[in-house]
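Text of coords.txt (compact mmCIF, C-alpha atoms) as supplied:
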```txt
# COMPACT_ATOMS: atom_id res chain seq x y z
CA MET A 1 83.30 220.44 185.03
CA PRO A 2 85.60 217.68 186.17
CA GLU A 3 82.96 214.99 186.64
CA MET A 4 80.15 213.20 184.80
CA THR A 5 77.65 210.57 185.85
CA GLY A 6 75.43 208.38 183.70
CA THR A 7 74.78 205.03 182.18
CA LEU A 8 77.86 203.07 181.18
CA LYS A 9 78.50 202.71 177.49
CA THR A 10 81.07 200.39 175.94
CA TYR A 11 82.10 200.56 172.31
CA THR A 12 84.50 198.29 170.40
CA GLU A 13 86.14 198.40 166.98
CA TYR A 14 88.99 196.43 165.46
CA LEU A 15 91.71 197.93 163.27
CA HIS A 16 93.51 195.82 160.68
CA PHE A 17 97.07 196.15 159.41
CA HIS A 18 99.04 194.32 156.76
CA THR A 19 102.43 195.98 156.50
CA LYS A 20 104.62 195.69 153.44
CA LYS A 21 107.79 195.65 155.52
CA ARG A 22 108.49 193.28 158.36
CA ARG A 23 108.88 196.21 160.78
CA GLU A 24 106.88 199.38 160.57
CA MET A 25 105.64 202.20 162.81
CA ILE A 26 102.17 203.44 161.84
CA HIS A 27 100.60 206.60 163.24
CA ILE A 28 97.03 205.80 164.34
CA THR A 29 95.86 208.84 166.34
CA PRO A 30 93.47 210.05 163.58
CA GLN A 31 91.83 206.60 163.38
CA LEU A 32 91.43 206.53 167.16
CA GLU A 33 89.88 210.02 167.16
CA GLU A 34 87.32 208.85 164.57
CA ILE A 35 86.44 205.85 166.73
CA VAL A 36 85.94 208.11 169.76
CA ALA A 37 83.61 210.29 167.66
CA ARG A 38 81.63 207.28 166.38
CA SER A 39 81.31 205.88 169.92
CA GLY A 40 79.43 208.90 171.23
CA ILE A 41 81.38 208.55 174.49
CA ARG A 42 82.03 211.89 176.13
CA ASP A 43 84.16 210.95 179.12
CA GLY A 44 86.06 207.74 179.80
CA PHE A 45 88.87 205.51 178.60
CA CYS A 46 90.03 204.33 175.17
CA PHE A 47 92.01 201.09 175.44
CA VAL A 48 94.14 200.07 172.44
CA SER A 49 96.05 196.79 172.10
CA PRO A 50 97.34 194.56 169.32
CA MET A 51 95.85 191.06 169.44
CA HIS A 52 99.34 189.73 168.71
CA ILE A 53 102.51 189.17 170.70
CA THR A 54 104.94 190.52 168.13
CA ALA A 55 103.51 194.05 167.90
CA ALA A 56 102.84 196.92 170.29
CA ILE A 57 100.98 200.18 170.68
CA TYR A 58 102.92 203.11 172.10
CA VAL A 59 102.56 206.85 172.63
CA ASN A 60 105.33 209.24 171.62
CA ASP A 61 106.46 211.80 169.06
CA HIS A 62 105.35 211.90 165.41
CA GLU A 63 108.83 212.87 164.21
CA SER A 64 110.64 210.67 161.69
CA GLY A 65 114.09 211.14 163.24
CA LEU A 66 112.88 210.07 166.65
CA ILE A 67 111.00 207.11 165.17
CA ALA A 68 114.28 205.95 163.55
CA ASP A 69 116.02 206.44 166.92
CA ILE A 70 113.36 204.30 168.61
CA GLU A 71 113.78 201.55 166.02
CA GLU A 72 117.57 201.55 166.45
CA TRP A 73 117.20 201.54 170.25
CA LEU A 74 114.77 198.60 170.18
CA GLU A 75 117.18 196.69 167.95
CA LYS A 76 120.03 197.37 170.35
CA LEU A 77 118.13 196.26 173.47
CA ALA A 78 116.23 193.37 171.84
CA PRO A 79 118.33 192.34 168.84
CA ALA A 80 117.34 189.97 166.05
CA ARG A 81 119.62 186.96 166.51
CA PRO A 82 119.49 183.36 165.23
CA ASP A 83 120.19 181.69 168.57
CA TYR A 84 117.04 182.28 170.63
CA ARG A 85 115.53 179.10 172.13
CA HIS A 86 112.16 180.09 170.63
CA HIS A 87 113.64 179.47 167.18
CA GLN A 88 113.88 175.74 167.89
CA THR A 89 110.10 175.71 167.30
CA GLY A 90 110.71 176.81 163.70
CA GLU A 91 110.00 180.49 164.40
CA ASP A 92 112.51 183.24 163.67
CA ASN A 93 110.83 186.15 165.48
CA ALA A 94 111.90 185.96 169.14
CA ASP A 95 113.25 189.51 168.91
CA ALA A 96 109.77 190.70 167.89
CA HIS A 97 108.35 189.22 171.11
CA LEU A 98 111.01 190.97 173.18
CA LYS A 99 110.47 194.29 171.41
CA SER A 100 106.73 193.97 172.12
CA LEU A 101 107.49 193.42 175.81
CA LEU A 102 109.95 196.33 175.90
CA LEU A 103 107.39 198.84 174.60
CA HIS A 104 104.62 197.19 176.68
CA HIS A 105 102.03 196.19 174.15
CA GLU A 106 98.99 198.20 175.23
CA ILE A 107 97.91 201.76 176.02
CA THR A 108 94.96 203.46 177.65
CA LEU A 109 94.05 206.96 176.49
CA PRO A 110 91.74 209.30 178.40
CA ILE A 111 88.61 210.73 176.73
CA THR A 112 87.36 214.17 177.87
CA ASN A 113 84.64 216.25 176.22
CA GLY A 114 84.29 213.67 173.47
CA HIS A 115 87.95 213.77 172.41
CA LEU A 116 91.20 212.01 173.25
CA ASP A 117 92.64 214.08 176.09
CA LEU A 118 96.26 214.09 174.92
CA GLY A 119 99.08 216.54 175.38
CA THR A 120 100.30 218.67 172.48
CA TRP A 121 102.85 216.14 171.22
CA GLN A 122 101.32 212.85 172.31
CA ARG A 123 100.56 210.55 169.36
CA ALA A 124 99.63 206.86 169.28
CA PHE A 125 101.50 204.38 167.08
CA TYR A 126 101.07 200.79 165.98
CA ALA A 127 104.51 199.17 166.13
CA GLU A 128 104.79 196.12 163.89
CA PHE A 129 107.79 193.87 164.52
CA ASP A 130 106.81 190.82 162.47
CA GLY A 131 104.47 191.96 159.73
CA GLN A 132 103.79 191.18 156.10
CA ARG A 133 100.60 189.42 157.21
CA ARG A 134 97.20 190.48 158.48
CA LYS A 135 97.16 191.70 162.08
CA HIS A 136 94.41 193.06 164.31
CA VAL A 137 94.20 195.76 166.98
CA ILE A 138 91.33 196.00 169.45
CA VAL A 139 90.07 199.45 170.42
CA LYS A 140 87.62 199.28 173.32
CA LEU A 141 86.08 202.39 174.86
CA MET A 142 84.18 202.70 178.09
CA GLY A 143 82.55 205.77 179.55
CA VAL A 144 79.60 208.11 179.83
CA ALA A 145 77.83 208.83 176.55
CA ALA A 146 76.82 212.30 175.55
CA PRO A 147 73.19 213.08 176.31
CA ALA A 148 71.03 212.53 173.22
CA GLN A 149 70.56 215.66 171.08
CA ARG A 150 67.03 217.09 171.12
CA MET B 151 81.85 192.10 199.07
CA PRO B 152 83.79 191.76 195.85
CA GLU B 153 81.27 193.51 193.60
CA MET B 154 79.37 196.79 193.25
CA THR B 155 76.81 198.02 190.77
CA GLY B 156 75.60 201.53 190.10
CA THR B 157 75.69 204.59 187.94
CA LEU B 158 79.02 205.30 186.29
CA LYS B 159 80.91 208.28 187.61
CA THR B 160 83.98 209.80 185.95
CA TYR B 161 86.21 212.35 187.66
CA THR B 162 89.23 214.20 186.25
CA GLU B 163 91.95 216.39 187.70
CA TYR B 164 95.25 217.62 186.32
CA LEU B 165 98.49 217.80 188.31
CA HIS B 166 101.18 220.32 187.42
CA PHE B 167 104.93 220.00 187.85
CA HIS B 168 107.79 222.39 187.22
CA THR B 169 110.98 220.68 188.37
CA LYS B 170 114.13 222.59 189.25
CA LYS B 171 116.35 219.87 187.87
CA ARG B 172 116.13 218.44 184.36
CA ARG B 173 115.49 214.95 185.78
CA GLU B 174 113.54 214.29 188.93
CA MET B 175 111.46 211.52 190.51
CA ILE B 176 108.49 212.87 192.48
CA HIS B 177 106.40 210.76 194.82
CA ILE B 178 102.70 211.43 194.06
CA THR B 179 100.76 208.72 195.95
CA PRO B 180 99.42 211.19 198.58
CA GLN B 181 98.12 213.53 195.86
CA LEU B 182 96.43 210.62 194.10
CA GLU B 183 94.80 209.46 197.35
CA GLU B 184 93.38 212.99 197.83
CA ILE B 185 91.94 212.94 194.31
CA VAL B 186 90.31 209.56 194.97
CA ALA B 187 88.75 211.00 198.15
CA ARG B 188 87.50 214.12 196.34
CA SER B 189 86.01 212.02 193.53
CA GLY B 190 83.66 210.13 195.80
CA ILE B 191 84.36 207.01 193.75
CA ARG B 192 84.23 203.87 195.89
CA ASP B 193 85.22 201.17 193.39
CA GLY B 194 86.91 201.52 190.02
CA PHE B 195 90.09 202.62 188.25
CA CYS B 196 92.43 205.60 188.64
CA PHE B 197 94.36 206.27 185.42
CA VAL B 198 97.45 208.50 185.63
CA SER B 199 99.52 209.70 182.68
CA PRO B 200 101.79 212.60 181.84
CA MET B 201 100.53 214.65 178.90
CA HIS B 202 104.11 214.72 177.63
CA ILE B 203 106.42 212.32 175.81
CA THR B 204 109.53 212.98 177.88
CA ALA B 205 108.09 211.96 181.27
CA ALA B 206 106.49 208.87 182.78
CA ILE B 207 104.44 207.62 185.70
CA TYR B 208 105.62 204.43 187.38
CA VAL B 209 104.90 202.33 190.46
CA ASN B 210 107.73 201.10 192.67
CA ASP B 211 109.57 201.60 195.96
CA HIS B 212 109.80 204.89 197.87
CA GLU B 213 113.44 204.25 198.85
CA SER B 214 116.11 206.76 197.85
CA GLY B 215 118.78 204.12 197.11
CA LEU B 216 116.50 202.27 194.73
CA ILE B 217 115.41 205.51 193.07
CA ALA B 218 119.09 206.29 192.38
CA ASP B 219 119.52 202.74 191.05
CA ILE B 220 116.54 203.26 188.72
CA GLU B 221 117.99 206.55 187.44
CA GLU B 222 121.37 204.95 186.78
CA TRP B 223 119.70 201.98 185.06
CA LEU B 224 117.60 204.22 182.80
CA GLU B 225 120.73 206.15 181.85
CA LYS B 226 122.53 202.92 180.98
CA LEU B 227 119.70 201.54 178.81
CA ALA B 228 118.64 204.87 177.26
CA PRO B 229 121.70 207.11 177.48
CA ALA B 230 121.86 210.83 176.80
CA ARG B 231 123.99 211.16 173.66
CA PRO B 232 124.49 213.93 171.10
CA ASP B 233 124.06 211.76 168.00
CA TYR B 234 120.37 210.86 167.97
CA ARG B 235 118.59 211.63 164.68
CA HIS B 236 115.91 213.50 166.66
CA HIS B 237 118.53 216.13 167.52
CA GLN B 238 118.69 217.23 163.88
CA THR B 239 115.36 218.98 164.60
CA GLY B 240 117.12 221.20 167.15
CA GLU B 241 116.05 219.12 170.15
CA ASP B 242 118.53 217.58 172.59
CA ASN B 243 116.20 215.27 174.52
CA ALA B 244 115.91 212.02 172.54
CA ASP B 245 117.08 210.07 175.59
CA ALA B 246 114.13 211.49 177.55
CA HIS B 247 111.74 210.05 174.93
CA LEU B 248 113.42 206.63 175.17
CA LYS B 249 113.36 206.68 178.99
CA SER B 250 109.62 207.50 178.86
CA LEU B 251 109.08 204.50 176.56
CA LEU B 252 111.20 202.23 178.76
CA LEU B 253 109.14 202.93 181.89
CA HIS B 254 105.90 202.94 179.83
CA HIS B 255 104.42 206.35 180.47
CA GLU B 256 101.09 205.51 182.12
CA ILE B 257 99.64 203.53 185.00
CA THR B 258 96.21 202.37 186.12
CA LEU B 259 95.59 201.96 189.85
CA PRO B 260 92.64 200.04 191.30
CA ILE B 261 90.23 201.75 193.72
CA THR B 262 88.49 199.59 196.37
CA ASN B 263 86.43 200.86 199.32
CA GLY B 264 87.17 204.43 198.35
CA HIS B 265 90.97 204.05 198.47
CA LEU B 266 93.81 203.13 196.13
CA ASP B 267 94.06 199.33 196.46
CA LEU B 268 97.86 199.11 196.55
CA GLY B 269 100.22 196.62 198.15
CA THR B 270 102.28 197.58 201.21
CA TRP B 271 105.21 198.97 199.25
CA GLN B 272 103.57 200.15 196.03
CA ARG B 273 103.99 203.89 195.47
CA ALA B 274 103.33 206.03 192.39
CA PHE B 275 105.98 208.38 190.98
CA TYR B 276 106.13 211.13 188.39
CA ALA B 277 109.39 210.64 186.47
CA GLU B 278 110.59 213.82 184.78
CA PHE B 279 113.29 213.38 182.14
CA ASP B 280 113.22 216.83 180.53
CA GLY B 281 111.93 219.29 183.08
CA GLN B 282 112.62 222.85 184.16
CA ARG B 283 109.34 223.83 182.50
CA ARG B 284 105.65 223.42 183.29
CA LYS B 285 104.29 219.92 182.70
CA HIS B 286 100.87 218.36 183.21
CA VAL B 287 99.62 214.98 184.36
CA ILE B 288 96.06 213.79 183.80
CA VAL B 289 94.37 211.79 186.54
CA LYS B 290 91.06 210.31 185.37
CA LEU B 291 88.93 208.09 187.58
CA MET B 292 86.02 205.92 186.59
CA GLY B 293 83.84 203.81 188.82
CA VAL B 294 80.86 203.44 191.11
CA ALA B 295 80.32 206.36 193.49
CA ALA B 296 79.57 205.83 197.14
CA PRO B 297 75.85 206.01 197.93
CA ALA B 298 74.91 209.50 199.13
CA GLN B 299 75.05 209.93 202.93
CA ARG B 300 71.65 210.18 204.64
CA MET C 301 77.09 194.53 167.95
CA PRO C 302 79.98 196.78 168.86
CA GLU C 303 78.31 198.58 171.75
CA MET C 304 76.51 197.96 175.02
CA THR C 305 74.89 200.26 177.56
CA GLY C 306 73.82 199.52 181.11
CA THR C 307 74.52 199.81 184.78
CA LEU C 308 78.19 199.71 185.75
CA LYS C 309 79.37 196.59 187.54
CA THR C 310 82.72 196.20 189.24
CA TYR C 311 84.08 192.87 190.42
CA THR C 312 87.31 192.15 192.31
CA GLU C 313 89.24 189.02 193.24
CA TYR C 314 92.76 188.48 194.53
CA LEU C 315 95.07 185.69 193.37
CA HIS C 316 97.78 184.33 195.65
CA PHE C 317 101.15 182.88 194.70
CA HIS C 318 103.94 181.31 196.74
CA THR C 319 106.59 180.14 194.30
CA LYS C 320 109.12 177.46 195.19
CA LYS C 321 111.84 179.15 193.16
CA ARG C 322 112.93 182.75 193.54
CA ARG C 323 112.01 183.47 189.89
CA GLU C 324 109.13 181.87 188.10
CA MET C 325 106.75 182.59 185.21
CA ILE C 326 103.22 181.31 185.86
CA HIS C 327 100.54 181.12 183.19
CA ILE C 328 97.32 182.64 184.59
CA THR C 329 94.97 183.02 181.59
CA PRO C 330 92.68 180.14 182.71
CA GLN C 331 92.30 181.67 186.20
CA LEU C 332 91.48 185.06 184.66
CA GLU C 333 88.88 183.48 182.34
CA GLU C 334 87.20 181.90 185.38
CA ILE C 335 87.09 185.26 187.15
CA VAL C 336 85.50 186.87 184.09
CA ALA C 337 82.86 184.10 184.09
CA ARG C 338 82.16 184.51 187.82
CA SER C 339 81.88 188.30 187.44
CA GLY C 340 78.96 188.11 185.05
CA ILE C 341 80.50 191.04 183.16
CA ARG C 342 79.79 190.85 179.44
CA ASP C 343 81.72 193.83 178.08
CA GLY C 344 84.46 195.85 179.72
CA PHE C 345 88.01 195.73 181.11
CA CYS C 346 89.90 193.23 183.25
CA PHE C 347 92.79 194.89 185.08
CA VAL C 348 95.50 192.64 186.55
CA SER C 349 98.41 193.79 188.71
CA PRO C 350 100.69 192.34 191.36
CA MET C 351 100.44 194.17 194.68
CA HIS C 352 104.23 193.99 194.88
CA ILE C 353 107.15 195.87 193.33
CA THR C 354 109.29 192.83 192.54
CA ALA C 355 106.80 191.04 190.27
CA ALA C 356 104.93 191.81 187.06
CA ILE C 357 102.06 190.70 184.88
CA TYR C 358 102.74 190.45 181.16
CA VAL C 359 101.09 189.16 177.99
CA ASN C 360 103.02 187.01 175.53
CA ASP C 361 103.57 183.48 174.21
CA HIS C 362 102.97 180.29 176.22
CA GLU C 363 106.05 178.59 174.74
CA SER C 364 108.78 177.34 177.07
CA GLY C 365 111.66 178.31 174.76
CA LEU C 366 110.46 181.88 174.50
CA ILE C 367 109.86 182.07 178.25
CA ALA C 368 113.50 181.04 178.80
CA ASP C 369 114.54 183.67 176.23
CA ILE C 370 112.55 186.31 178.14
CA GLU C 371 114.18 185.31 181.44
CA GLU C 372 117.65 185.51 179.91
CA TRP C 373 116.84 188.86 178.28
CA LEU C 374 115.55 190.32 181.56
CA GLU C 375 118.73 189.16 183.30
CA LYS C 376 120.87 190.80 180.64
CA LEU C 377 119.06 194.16 180.79
CA ALA C 378 118.43 194.20 184.55
CA PRO C 379 121.12 191.93 186.03
CA ALA C 380 121.32 190.67 189.60
CA ARG C 381 124.39 192.37 191.06
CA PRO C 382 125.60 192.95 194.61
CA ASP C 383 126.42 196.65 194.21
CA TYR C 384 123.01 198.34 193.88
CA ARG C 385 122.45 201.21 196.31
CA HIS C 386 119.17 199.61 197.38
CA HIS C 387 121.18 196.79 198.95
CA GLN C 388 122.55 199.18 201.57
CA THR C 389 119.11 198.86 203.21
CA GLY C 390 119.75 195.15 203.75
CA GLU C 391 117.79 194.04 200.68
CA ASP C 392 119.35 191.98 197.89
CA ASN C 393 116.59 192.27 195.27
CA ALA C 394 117.18 195.53 193.35
CA ASP C 395 117.30 193.60 190.09
CA ALA C 396 113.78 192.30 190.80
CA HIS C 397 112.54 195.91 191.05
CA LEU C 398 114.18 196.77 187.72
CA LYS C 399 112.79 193.66 186.02
CA SER C 400 109.31 194.62 187.26
CA LEU C 401 109.75 198.10 185.76
CA LEU C 402 111.07 196.68 182.48
CA LEU C 403 108.01 194.46 181.91
CA HIS C 404 105.72 197.21 183.29
CA HIS C 405 103.95 195.58 186.19
CA GLU C 406 100.30 195.72 185.09
CA ILE C 407 98.02 194.79 182.21
CA THR C 408 94.48 195.57 181.10
CA LEU C 409 92.62 192.93 179.09
CA PRO C 410 89.45 193.62 177.11
CA ILE C 411 86.26 191.62 177.80
CA THR C 412 83.82 191.07 174.91
CA ASN C 413 80.79 188.75 174.92
CA GLY C 414 81.64 187.57 178.43
CA HIS C 415 85.18 186.41 177.56
CA LEU C 416 88.69 187.83 177.46
CA ASP C 417 89.00 189.27 173.95
CA LEU C 418 92.53 188.05 173.23
CA GLY C 419 94.31 187.14 170.02
CA THR C 420 95.11 183.52 169.19
CA TRP C 421 98.49 183.51 170.93
CA GLN C 422 98.01 186.10 173.67
CA ARG C 423 98.42 184.63 177.16
CA ALA C 424 98.77 186.37 180.54
CA PHE C 425 101.63 185.51 182.92
CA TYR C 426 102.54 186.27 186.50
CA ALA C 427 106.28 187.00 186.54
CA GLU C 428 107.82 186.46 189.97
CA PHE C 429 111.29 187.93 190.46
CA ASP C 430 111.64 187.63 194.25
CA GLY C 431 109.41 184.80 195.38
CA GLN C 432 109.51 182.00 197.92
CA ARG C 433 106.96 183.95 199.97
CA ARG C 434 103.26 184.72 199.74
CA LYS C 435 102.37 187.33 197.11
CA HIS C 436 99.07 188.77 195.92
CA VAL C 437 97.66 189.88 192.57
CA ILE C 438 94.58 192.08 192.23
CA VAL C 439 92.13 191.35 189.41
CA LYS C 440 89.54 194.11 189.07
CA LEU C 441 86.89 194.06 186.36
CA MET C 442 84.60 196.86 185.28
CA GLY C 443 81.88 196.75 182.66
CA VAL C 444 78.31 196.05 181.67
CA ALA C 445 76.85 192.91 183.22
CA ALA C 446 74.85 190.43 181.19
CA PRO C 447 71.10 190.97 181.51
CA ALA C 448 69.62 188.67 184.17
CA GLN C 449 68.33 185.35 182.74
CA ARG C 450 64.54 185.00 182.75
```
Written as C-alpha cells, that's how I'd like the structure from this file.
Amino acid sequence: MPEMTGTLKTYTEYLHFHTKKRREMIHITPQLEEIVARSGIRDGFCFVSPMHITAAIYVNDHESGLIADIEEWLEKLAPARPDYRHHQTGEDNADAHLKSLLLHHEITLPITNGHLDLGTWQRAFYAEFDGQRRKHVIVKLMGVAAPAQR
Amino acid sequence: MPEMTGTLKTYTEYLHFHTKKRREMIHITPQLEEIVARSGIRDGFCFVSPMHITAAIYVNDHESGLIADIEEWLEKLAPARPDYRHHQTGEDNADAHLKSLLLHHEITLPITNGHLDLGTWQRAFYAEFDGQRRKHVIVKLMGVAAPAQR
Amino acid sequence: MPEMTGTLKTYTEYLHFHTKKRREMIHITPQLEEIVARSGIRDGFCFVSPMHITAAIYVNDHESGLIADIEEWLEKLAPARPDYRHHQTGEDNADAHLKSLLLHHEITLPITNGHLDLGTWQRAFYAEFDGQRRKHVIVKLMGVAAPAQR
C-alpha cells in the first residue's frame, strides 16, 4: 500500500567519528539501518548530515576502486593548496570546505516498511576531509510509527 | 495562511525509466505534479531520488541549449575515461558515478496548497548517465492531507 | 529525549532578496532561526531553497576569506563565458545555472528543542549568481509543535 497516515514521530541520534587519517570514507549504511529499527518509524524520511563544514555524507557504491576514484576526483576539483585566503586565519583546510560543498554535505533517505528504501547498490558514506579529531553526525528521522504490537 | 496542522500522511510511488541512449535528461515535473495530486497531500515535502548510483535528479531550466551546456559541463568535470580504478571490476561507468555525485542525486520539493511550490522556471529532471536498462526513481511525499470533501 | 510524537505542523515563509551586485553571498542563519521560533515547531526539518535556477542555498563557514575562496572556486569550475548554447536564447547567465547546480540549490536543516540543530561552525548562506533583481527563497518547516503553554 503506497500510503500511511498517523501521528507524527520524530527520532534523533548522533553518530561520532574520530578518524586516524585526515581523510577517510566510512560506510555507515548498517548504522543507519539500526537507527531506523530503533526509531520504530515505518514510513518517512531519514536525514543525515555532519555537524561540520569539512565533512560530507554521500550515497554511492561500496567498491574500493570507485572510492579511490572519488577521492582522486575530489582532489583534482578541490585541491589542497597553501594559497587559499582562508589560510590567512591560521587554518590549512580550505580544500576540505570545498570538498564538502562539492559532495553537498547532507542526504535524505526514504524509509518504507520500516527499512531504508534504497536501490541495490546505494550505500551511505561519511566523508571526512579534515579528521583526526572528534566529529559528529546528526541522524534525524520523521514519519509514521508502526502500530504498537498487541 | 502559512501554517497547517493535522495527521501525518505519507505517499510513495516509483517511476521507471529505460532510456534509448546511454545518457539522457528527462523532464519529470508533470509526472511529479500528478503524484502530488494523487497523494491528496496539501502541505509538505516531495522527495525524489533515483534508486541508482549512476543517475541523478536535479532542478533547473527546461531549455535545450542549457541542457546541452549542462551535459558538456558534466563531461568536462567528470569525464568518461578508460583508466578509472573502478573499471578493474569489469565496469566501464565510473564517470557516471562521478556525474551523479556532482549533481547530488536527490531533491526535495516543497508542496503548498496541494501543488509543487516551485519558482517560475524551476523544473525537475531525471539525469541518466548509464542507461539503456530499466531504472527506478522513488517519489515519497510527507505532509498534511487536505480535509475530506463534504 | 531523542523522540517526540504529536500532530504534524507545517509552517512556510518566503524570504526576499534584491542584491546590489550580480553575485553575492548573504548569511541567513539568523533569519532562519527567527522563522523556526515563529513556527512553534520543536522537532523536525527546516527546508530552504531559492525559487530560482541561478541561485543556491549552502551551508559552510561564515569567514570572509573562505567565502572569497568559494567564489573563486565556483568561477574556476563553472566560468562565465560568452559561448554557452543557452546564450543563443538572449540570456547571458549560463554560468549562474551551472554554479547553482554545483552547490546544489537546496538544504534541509534539522530542528531539535525548538532550534536549528547545527554544529558550531555551520551557517546557512543565500548564494546569488545573477542578482540585481527581486528573488525569493522558500522556507518550509515540518515537525512536532511544542505543547501549548498552560
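Remark: for chain B, the closest of the candidate residues A:Lys76, A:Arg134, A:Lys140, A:His97 is A:Lys76 (distances computed over only C-alpha atoms).
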For this session: Please provide as a list of chain:residue names all residues within 6 Å of region 107-121 of chain A, with the sequence filter that same-chain residues fewer than 2 positions apart are discarded (counting only C-alpha atoms).
Result: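 Returned residues: A:Ile41, A:Arg42, A:Asp43, A:Gly44, A:Phe45, A:Cys46, A:Phe47, A:Val48, B:Met201, B:His202.
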Residues of chain B no more than 7 Å from chain A, counting only C-alpha atoms: send them over as an mmCIF file with C-alpha atoms, keeping the file's coordinate frame.
```
data_model
loop_
_atom_site.group_PDB
_atom_site.id
_atom_site.type_symbol
_atom_site.label_atom_id
_atom_site.label_comp_id
_atom_site.auth_asym_id
_atom_site.auth_seq_id
_atom_site.Cartn_x
_atom_site.Cartn_y
_atom_site.Cartn_z
ATOM 1 C CA THR B 157 75.690 204.590 187.940
ATOM 2 C CA LEU B 158 79.020 205.300 186.290
ATOM 3 C CA LYS B 159 80.910 208.280 187.610
ATOM 4 C CA THR B 160 83.980 209.800 185.950
ATOM 5 C CA TYR B 161 86.210 212.350 187.660
ATOM 6 C CA THR B 162 89.230 214.200 186.250
ATOM 7 C CA GLU B 163 91.950 216.390 187.700
ATOM 8 C CA MET B 201 100.530 214.650 178.900
ATOM 9 C CA HIS B 202 104.110 214.720 177.630
ATOM 10 C CA ILE B 203 106.420 212.320 175.810
ATOM 11 C CA TYR B 234 120.370 210.860 167.970
ATOM 12 C CA ARG B 235 118.590 211.630 164.680
ATOM 13 C CA HIS B 236 115.910 213.500 166.660
ATOM 14 C CA ALA B 244 115.910 212.020 172.540
ATOM 15 C CA LEU B 248 113.420 206.630 175.170
ATOM 16 C CA LEU B 251 109.080 204.500 176.560
ATOM 17 C CA LEU B 252 111.200 202.230 178.760
ATOM 18 C CA HIS B 254 105.900 202.940 179.830
#
```
Exercise. What lies within 9 Å of Val287 (chain B) using all atoms listed in the file, ignoring chain neighbours under 2 positions off, as a list in words?
Worked result: Glu163, Tyr164, Leu165, His166, Phe167, Val198, Ser199, Pro200, Met201, His202, Ile207, Tyr276, Lys285 and Val289 of chain B
Exercise. Of the residues B:Phe275, B:Arg231, B:Gly281, B:Thr204, which is the one nearest to Ile176 (chain B), using only C-alpha atoms?
Worked result: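 Ranked by minimum distance to Ile176 (chain B), first place goes to B:Phe275.
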For this session: Between CA of Ala55 (chain A) and CA of Glu128 (chain A), measure the distance and give it in Å to one decimal.
Result: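 If I compute the distance from CA of Ala55 (chain A) to CA of Glu128 (chain A), I get 4.7 Å.
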For this session: Give as a list in words the set of residues within 9 Å of the point (106.4, 195.8, 155.6), where distances use the file's coordinates and all atoms listed in the file.
Result: His18, Thr19, Lys20, Lys21, Arg22, Arg23, Glu24, Glu128, Asp130, Gly131, Gln132 and Arg133 of chain A
